[in-house]
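Structure file my_file.cif; described as mmCIF, C-alpha atoms.
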```
data_query
loop_
_atom_site.group_PDB
_atom_site.id
_atom_site.type_symbol
_atom_site.label_atom_id
_atom_site.label_comp_id
_atom_site.auth_asym_id
_atom_site.auth_seq_id
_atom_site.Cartn_x
_atom_site.Cartn_y
_atom_site.Cartn_z
ATOM 1 C CA MET A 288 -49.902 67.497 -56.183
ATOM 2 C CA ALA A 289 -46.269 67.279 -55.153
ATOM 3 C CA ASP A 290 -44.983 63.968 -53.877
ATOM 4 C CA THR A 291 -44.812 63.611 -50.107
ATOM 5 C CA PRO A 292 -41.144 63.667 -49.008
ATOM 6 C CA PRO A 293 -39.941 60.344 -47.562
ATOM 7 C CA ASP A 294 -39.539 59.833 -43.836
ATOM 8 C CA SER A 295 -35.875 60.644 -43.115
ATOM 9 C CA HIS A 296 -35.677 57.562 -40.864
ATOM 10 C CA GLN A 297 -37.098 55.186 -43.514
ATOM 11 C CA LEU A 298 -34.744 55.724 -46.462
ATOM 12 C CA LYS A 299 -33.230 52.864 -48.456
ATOM 13 C CA HIS A 300 -29.793 51.579 -47.513
ATOM 14 C CA VAL A 301 -26.729 52.554 -49.514
ATOM 15 C CA ARG A 302 -24.880 49.418 -50.588
ATOM 16 C CA ILE A 303 -21.082 49.598 -50.206
ATOM 17 C CA GLU A 304 -20.017 45.980 -50.760
ATOM 18 C CA GLY A 305 -18.026 46.773 -53.900
ATOM 19 C CA ARG A 306 -16.191 49.735 -52.361
ATOM 20 C CA ARG A 307 -15.309 48.645 -48.846
ATOM 21 C CA LEU A 308 -11.807 48.245 -47.405
ATOM 22 C CA ALA A 309 -11.066 46.188 -44.284
ATOM 23 C CA GLY A 310 -9.017 47.641 -41.437
ATOM 24 C CA GLU A 311 -8.779 47.782 -37.679
ATOM 25 C CA TYR A 312 -10.309 50.828 -36.006
ATOM 26 C CA GLY A 313 -8.062 53.201 -34.084
ATOM 27 C CA PRO A 314 -8.975 56.481 -32.380
ATOM 28 C CA PRO A 315 -7.664 59.643 -34.047
ATOM 29 C CA ARG A 316 -4.328 60.743 -32.649
ATOM 30 C CA LEU A 317 -4.310 64.041 -30.810
ATOM 31 C CA ASP A 318 -1.241 66.146 -31.516
ATOM 32 C CA MET A 319 -0.533 68.201 -28.398
ATOM 33 C CA SER A 320 2.967 69.297 -29.463
ATOM 34 C CA GLY A 321 3.473 72.972 -28.825
ATOM 35 C CA VAL A 322 -0.177 73.490 -27.979
ATOM 36 C CA SER A 323 -1.148 75.565 -24.959
ATOM 37 C CA SER A 324 -4.737 76.389 -24.091
ATOM 38 C CA GLY A 325 -3.787 79.306 -21.863
ATOM 39 C CA ARG A 326 -6.100 77.953 -19.175
ATOM 40 C CA ASN A 327 -5.876 78.638 -15.478
ATOM 41 C CA ARG A 328 -5.146 75.006 -14.664
ATOM 42 C CA THR A 329 -6.289 75.207 -11.031
ATOM 43 C CA LEU A 330 -9.650 76.820 -11.771
ATOM 44 C CA HIS A 331 -10.259 74.594 -14.764
ATOM 45 C CA GLY A 332 -9.368 71.437 -12.850
ATOM 46 C CA GLN A 333 -11.486 72.353 -9.851
ATOM 47 C CA ARG A 334 -14.477 72.954 -12.098
ATOM 48 C CA LEU A 335 -13.997 69.586 -13.797
ATOM 49 C CA ILE A 336 -13.680 67.869 -10.397
ATOM 50 C CA GLN A 337 -17.031 69.359 -9.343
ATOM 51 C CA GLU A 338 -18.718 68.541 -12.653
ATOM 52 C CA LEU A 339 -17.452 64.965 -12.503
ATOM 53 C CA ALA A 340 -18.708 64.474 -8.937
ATOM 54 C CA THR A 341 -22.132 65.921 -9.787
ATOM 55 C CA SER A 342 -22.405 63.872 -12.993
ATOM 56 C CA VAL A 343 -21.466 60.634 -11.221
ATOM 57 C CA ALA A 344 -24.051 61.271 -8.492
ATOM 58 C CA THR A 345 -26.774 61.896 -11.081
ATOM 59 C CA ALA A 346 -25.761 58.848 -13.129
ATOM 60 C CA ARG A 347 -25.845 56.635 -10.016
ATOM 61 C CA GLU A 348 -29.403 57.781 -9.295
ATOM 62 C CA ARG A 349 -30.425 56.867 -12.835
ATOM 63 C CA LEU A 350 -28.861 53.439 -12.455
ATOM 64 C CA THR A 351 -31.060 52.696 -9.442
ATOM 65 C CA ALA A 352 -34.147 53.482 -11.542
ATOM 66 C CA ARG A 353 -33.123 51.082 -14.321
ATOM 67 C CA ASP A 354 -34.449 47.535 -14.491
ATOM 68 C CA ALA A 355 -31.495 45.467 -13.257
ATOM 69 C CA ALA A 356 -32.703 42.502 -15.339
ATOM 70 C CA VAL A 357 -31.794 44.384 -18.539
ATOM 71 C CA SER A 358 -28.227 44.991 -17.405
ATOM 72 C CA PHE A 359 -25.749 42.603 -19.010
ATOM 73 C CA GLY A 360 -21.981 42.678 -18.704
ATOM 74 C CA ARG A 361 -19.917 45.064 -16.597
ATOM 75 C CA SER A 362 -21.956 47.479 -14.498
ATOM 76 C CA GLY A 363 -21.141 51.123 -15.095
ATOM 77 C CA LEU A 364 -22.370 54.518 -16.167
ATOM 78 C CA TYR A 365 -22.006 56.926 -19.071
ATOM 79 C CA LEU A 366 -20.607 60.426 -18.886
ATOM 80 C CA GLU A 367 -20.914 63.029 -21.631
ATOM 81 C CA VAL A 368 -17.799 65.122 -22.251
ATOM 82 C CA ALA A 369 -17.396 68.091 -24.586
ATOM 83 C CA GLY A 370 -14.351 69.836 -25.997
ATOM 84 C CA ALA A 371 -13.774 73.356 -27.264
ATOM 85 C CA GLU A 372 -15.300 74.502 -30.532
ATOM 86 C CA GLY A 373 -13.201 73.336 -33.466
ATOM 87 C CA GLU A 374 -10.870 71.205 -31.297
ATOM 88 C CA ARG A 375 -10.534 67.411 -31.135
ATOM 89 C CA LEU A 376 -11.683 65.543 -28.072
ATOM 90 C CA PRO A 377 -8.959 63.475 -26.386
ATOM 91 C CA ASP A 378 -9.396 59.705 -26.320
ATOM 92 C CA LEU A 379 -10.552 59.111 -22.752
ATOM 93 C CA THR A 380 -9.800 55.396 -22.863
ATOM 94 C CA TRP A 381 -7.978 53.541 -20.101
ATOM 95 C CA SER A 382 -8.061 49.928 -21.241
ATOM 96 C CA ASN A 383 -6.693 48.513 -17.996
ATOM 97 C CA LYS A 384 -9.599 50.160 -16.126
ATOM 98 C CA HIS A 385 -12.183 49.276 -18.824
ATOM 99 C CA ILE A 386 -12.958 52.979 -19.332
ATOM 100 C CA ARG A 387 -13.951 53.427 -22.979
ATOM 101 C CA MET A 388 -14.659 56.348 -25.263
ATOM 102 C CA GLY A 389 -17.822 55.641 -27.206
ATOM 103 C CA ALA A 390 -19.975 57.668 -29.584
ATOM 104 C CA VAL A 391 -18.605 61.054 -30.674
ATOM 105 C CA ARG A 392 -20.647 63.696 -32.465
ATOM 106 C CA LEU A 393 -20.474 67.384 -33.359
ATOM 107 C CA SER A 394 -22.643 69.824 -31.441
ATOM 108 C CA ALA A 395 -24.511 72.679 -33.103
ATOM 109 C CA THR A 396 -21.603 74.987 -32.219
ATOM 110 C CA GLY A 397 -18.992 72.711 -33.806
ATOM 111 C CA ALA A 398 -17.665 71.212 -30.570
ATOM 112 C CA GLU A 399 -16.987 67.484 -30.328
ATOM 113 C CA VAL A 400 -19.160 65.699 -27.744
ATOM 114 C CA GLY A 401 -18.422 62.145 -26.644
ATOM 115 C CA ALA A 402 -19.898 59.427 -24.453
ATOM 116 C CA VAL A 403 -17.507 57.741 -22.029
ATOM 117 C CA PHE A 404 -18.354 54.429 -20.358
ATOM 118 C CA VAL A 405 -16.962 54.192 -16.818
ATOM 119 C CA PRO A 406 -17.322 50.955 -14.808
ATOM 120 C CA LEU A 407 -18.459 51.540 -11.248
ATOM 121 C CA GLU A 408 -15.161 50.213 -9.892
ATOM 122 C CA SER A 409 -13.217 52.727 -12.024
ATOM 123 C CA ILE A 410 -14.993 55.925 -10.958
ATOM 124 C CA ASP A 411 -12.441 56.674 -8.233
ATOM 125 C CA PHE A 412 -9.613 56.131 -10.739
ATOM 126 C CA LEU A 413 -11.073 58.676 -13.153
ATOM 127 C CA SER A 414 -11.619 61.174 -10.345
ATOM 128 C CA GLU A 415 -7.994 60.733 -9.328
ATOM 129 C CA GLN A 416 -6.794 61.508 -12.859
ATOM 130 C CA VAL A 417 -8.639 64.834 -12.799
ATOM 131 C CA ARG A 418 -7.311 65.631 -9.313
ATOM 132 C CA GLN A 419 -3.730 64.895 -10.364
ATOM 133 C CA TYR A 420 -4.140 67.152 -13.410
ATOM 134 C CA THR A 421 -5.315 69.922 -11.104
ATOM 135 C CA GLU A 422 -2.672 69.561 -8.379
ATOM 136 C CA GLU A 423 0.368 67.639 -9.639
ATOM 137 C CA ASP A 424 3.066 68.119 -12.276
ATOM 138 C CA THR A 425 5.174 65.778 -14.370
ATOM 139 C CA PRO A 426 8.988 65.846 -14.033
ATOM 140 C CA LYS A 427 8.979 68.259 -17.016
ATOM 141 C CA GLY A 428 6.697 70.676 -15.177
ATOM 142 C CA ASP A 429 3.500 70.002 -17.121
ATOM 143 C CA PRO A 430 0.197 69.143 -15.425
ATOM 144 C CA LYS A 431 -0.220 65.393 -15.086
ATOM 145 C CA HIS A 432 -2.540 63.831 -17.691
ATOM 146 C CA LYS A 433 -2.673 67.150 -19.545
ATOM 147 C CA PRO A 434 -3.358 65.640 -23.019
ATOM 148 C CA LYS A 435 -6.461 63.815 -21.735
ATOM 149 C CA ILE A 436 -7.893 66.274 -19.207
ATOM 150 C CA GLU A 437 -7.009 69.812 -20.305
ATOM 151 C CA PRO A 438 -8.967 69.784 -23.622
ATOM 152 C CA LEU A 439 -12.227 68.988 -21.775
ATOM 153 C CA GLU A 440 -14.673 71.864 -21.519
ATOM 154 C CA THR A 441 -17.510 70.147 -19.659
ATOM 155 C CA ILE A 442 -18.440 66.841 -18.017
ATOM 156 C CA ARG A 443 -22.126 65.947 -17.758
ATOM 157 C CA PRO A 444 -24.155 62.839 -16.914
ATOM 158 C CA GLY A 445 -24.783 60.748 -20.013
ATOM 159 C CA THR A 446 -28.232 60.249 -21.537
ATOM 160 C CA VAL A 447 -29.648 58.302 -24.478
ATOM 161 C CA GLU A 448 -28.945 61.377 -26.605
ATOM 162 C CA SER A 449 -25.253 61.027 -25.691
ATOM 163 C CA LEU A 450 -25.168 57.842 -27.803
ATOM 164 C CA TRP A 451 -27.128 59.314 -30.733
ATOM 165 C CA THR A 452 -24.742 60.389 -33.511
ATOM 166 C CA ASP A 453 -27.183 60.918 -36.399
ATOM 167 C CA GLN A 454 -27.741 64.502 -37.538
ATOM 168 C CA ARG A 455 -31.480 63.826 -37.552
ATOM 169 C CA PRO A 456 -33.367 64.221 -34.257
ATOM 170 C CA LEU A 457 -33.749 61.227 -31.955
ATOM 171 C CA PRO A 458 -37.087 59.562 -32.879
ATOM 172 C CA ALA A 459 -39.984 59.547 -30.464
ATOM 173 C CA ALA A 460 -39.951 56.842 -27.791
ATOM 174 C CA ASN A 461 -43.017 55.105 -29.275
ATOM 175 C CA ALA A 462 -41.679 55.024 -32.861
ATOM 176 C CA GLN A 463 -41.565 51.500 -34.344
ATOM 177 C CA MET A 464 -38.626 51.208 -36.696
ATOM 178 C CA TRP A 465 -35.393 49.351 -37.394
ATOM 179 C CA TRP A 466 -32.415 50.659 -35.452
ATOM 180 C CA GLU A 467 -28.790 50.326 -36.490
ATOM 181 C CA CYS A 468 -26.800 50.001 -33.262
ATOM 182 C CA TRP A 469 -23.003 50.190 -33.110
ATOM 183 C CA THR A 470 -21.193 48.691 -30.171
ATOM 184 C CA TRP A 471 -17.762 47.387 -29.219
ATOM 185 C CA ARG A 472 -17.129 44.031 -30.835
ATOM 186 C CA ASP A 473 -16.512 42.252 -27.509
ATOM 187 C CA ARG A 474 -19.784 43.637 -26.100
ATOM 188 C CA SER A 475 -22.131 42.921 -29.000
ATOM 189 C CA GLU A 476 -23.655 39.878 -27.301
ATOM 190 C CA ASN A 477 -24.667 42.029 -24.321
ATOM 191 C CA LEU A 478 -26.615 44.292 -26.685
ATOM 192 C CA ALA A 479 -28.334 41.281 -28.258
ATOM 193 C CA LYS A 480 -29.242 39.851 -24.828
ATOM 194 C CA ALA A 481 -30.764 43.153 -23.701
ATOM 195 C CA ALA A 482 -32.804 43.422 -26.893
ATOM 196 C CA ASP A 483 -34.026 39.850 -26.459
ATOM 197 C CA TRP A 484 -35.044 40.530 -22.848
ATOM 198 C CA LEU A 485 -37.038 43.557 -24.041
ATOM 199 C CA ASN A 486 -38.737 41.363 -26.685
ATOM 200 C CA LEU A 487 -37.219 43.310 -29.569
ATOM 201 C CA ARG A 488 -36.517 41.695 -32.936
ATOM 202 C CA VAL A 489 -32.816 41.383 -33.653
ATOM 203 C CA SER A 490 -31.505 40.793 -37.154
ATOM 204 C CA GLU A 491 -28.980 38.009 -37.660
ATOM 205 C CA ARG A 492 -27.067 40.185 -40.127
ATOM 206 C CA ARG A 493 -24.173 42.078 -38.555
ATOM 207 C CA LEU A 494 -21.318 44.199 -39.874
ATOM 208 C CA SER A 495 -17.982 43.879 -38.072
#
```

Show this structure as structure tokens.
Amino acid sequence: MADTPPDSHQLKHVRIEGRRLAGEYGPPRLDMSGVSSGRNRTLHGQRLIQELATSVATARERLTARDAAVSFGRSGLYLEVAGAEGERLPDLTWSNKHIRMGAVRLSATGAEVGAVFVPLESIDFLSEQVRQYTEEDTPKGDPKHKPKIEPLETIRPGTVESLWTDQRPLPAANAQMWWECWTWRDRSENLAKAADWLNLRVSERRLS
């Protein structure tokens, strides 16, 4: 009888201690020089404005259904953004507004899909960036915020799947297993507090 294949979520860890190199993370740089998407900027911008408004409304409804006691840190919502097939997603990070680009994965069609955290107090700011792209130009005649906004194909409300970057399917909700969670270094304690509140075991071993 052939051996039963191992559970793809229960494989042994690969040890990398002898091969690791330390370095600060930085988002990939997007080279927009000489690149033109050929879009109708007005139609594209108006569609993104509508998608953003709809996604924010849906995300706000989901926030009201969440147990407020599990919420630690800055209150906000996640949006899921997707780029064109084979193209890089722009880094939708505005540090001064605490808007952060999180998990990025490839869709089945080869498009990059990312999760963007937007604090509640920064929603109007993000909406204004999309409006300015749609209606206003820079002194050189380009749409404002073109490198960040024009490459976006869609904006949707974020879900748990938006944060799942593994190529394997998201496990069932009742699956008992160890999870490896990646978060921003200055927010790791919020993740630990939420896990503790939910009575989940948290390992003391962390990789920074």

*Evaluate the PyMOL selection byres ((chain A and resi 443) around 12) and record the selected residues as a VMD selection string, following the chain and residue labels used in the document.*
chain A and resid 334 to 346 364 to 370 400 to 403 439 to 442 444 to 446 449

*Pick out the closest residue to Met464 (chain A) from this set: A:Leu478, A:Val391, A:Arg353, A:Leu487. Count all atoms listed in the file.*
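Nearest to Met464 (chain A): A:Leu487.
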
*Between CA of Gln333 (chain A) and CA of Arg418 (chain A), distance in Å (one decimal)*: 7.9 Å

*Hits of the PyMOL selection byres ((chain A and resi 373) around 6) in this structure, as a count of residues only*: 4

*10 Å contact set for region 404-408 of chain A, only C-alpha atoms, chain neighbours under 5 positions out, as a PyMOL selection string*: chain A and resi 343+347+361-367+379-381+384-390+413+445

*With distances taken over only C-alpha atoms, which of A:Ile303, A:Ala395, A:Ala460, A:Leu330 is nearest to Glu437 (chain A)?*
A:Leu330

_Who sits within 8 Å of Pro377 (chain A), only C-alpha atoms, same chain under 6 positions skipped, as a list in words_ =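 Residues meeting the cut-off are Leu317, Pro434, Lys435, Ile436, Pro438 and Leu439 of chain A.
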
*Rounded to one decimal place, report the CA of Thr452 (chain A)-CA of Arg392 (chain A) distance in Å.*
5.4 Å

_Give me, as a PyMOL selection string, all polymer residues having an atom no more than 10 Å from Ser490 (chain A), counting all atoms listed in the file and skipping those fewer than 5 positions away in the same chain._
chain A and resi 465+467+479

*asked:* Between CA of Val417 (chain A) and CA of Gly332 (chain A), what is the distance in Å, rounded to a tenth?
replied: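 Interatomic distance, CA of Val417 (chain A) to CA of Gly332 (chain A): 6.6 Å.
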
*Who sits within 12 Å of Leu457 (chain A), all atoms listed in the file, same chain under 2 positions skipped, as a PyMOL selection string*: chain A and resi 295-296+446-455+459-462+466

Can you tell me, as AutoDock Vina command-line options, the centre and edge lengths (Å, one decimal) of the axis-aligned box enclosing all of region 360-378 of chain A's listed atoms after padding each side by 6 Å?
```
--center_x -15.7 --center_y 58.6 --center_z -24.0 --size_x 25.4 --size_y 43.8 --size_z 31.0
```

*Measuring atom to atom with all atoms listed in the file, identify which of A:Ala356, A:Arg306, A:Arg488, A:Glu399 is nearest to Gln463 (chain A).*
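Counting all atoms listed in the file, the residue closest to Gln463 (chain A) is A:Arg488.
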
*Show me as a list of chain:residue names the residues that reach within 6 Å of (-4.0, 65.4, -15.8), counting only C-alpha atoms and using the file's own coordinates.*
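Residues found, by chain and rising number: A:Gln416, A:Val417, A:Gln419, A:Tyr420, A:Pro430, A:Lys431, A:His432, A:Lys433, A:Ile436.
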
*Give as a ChimeraX atom specification each residue that has an atom at most 12 Å from (-34.0, 43.5, -23.4) in the file, counting all atoms listed in the file.*
/A:353-359,476-489
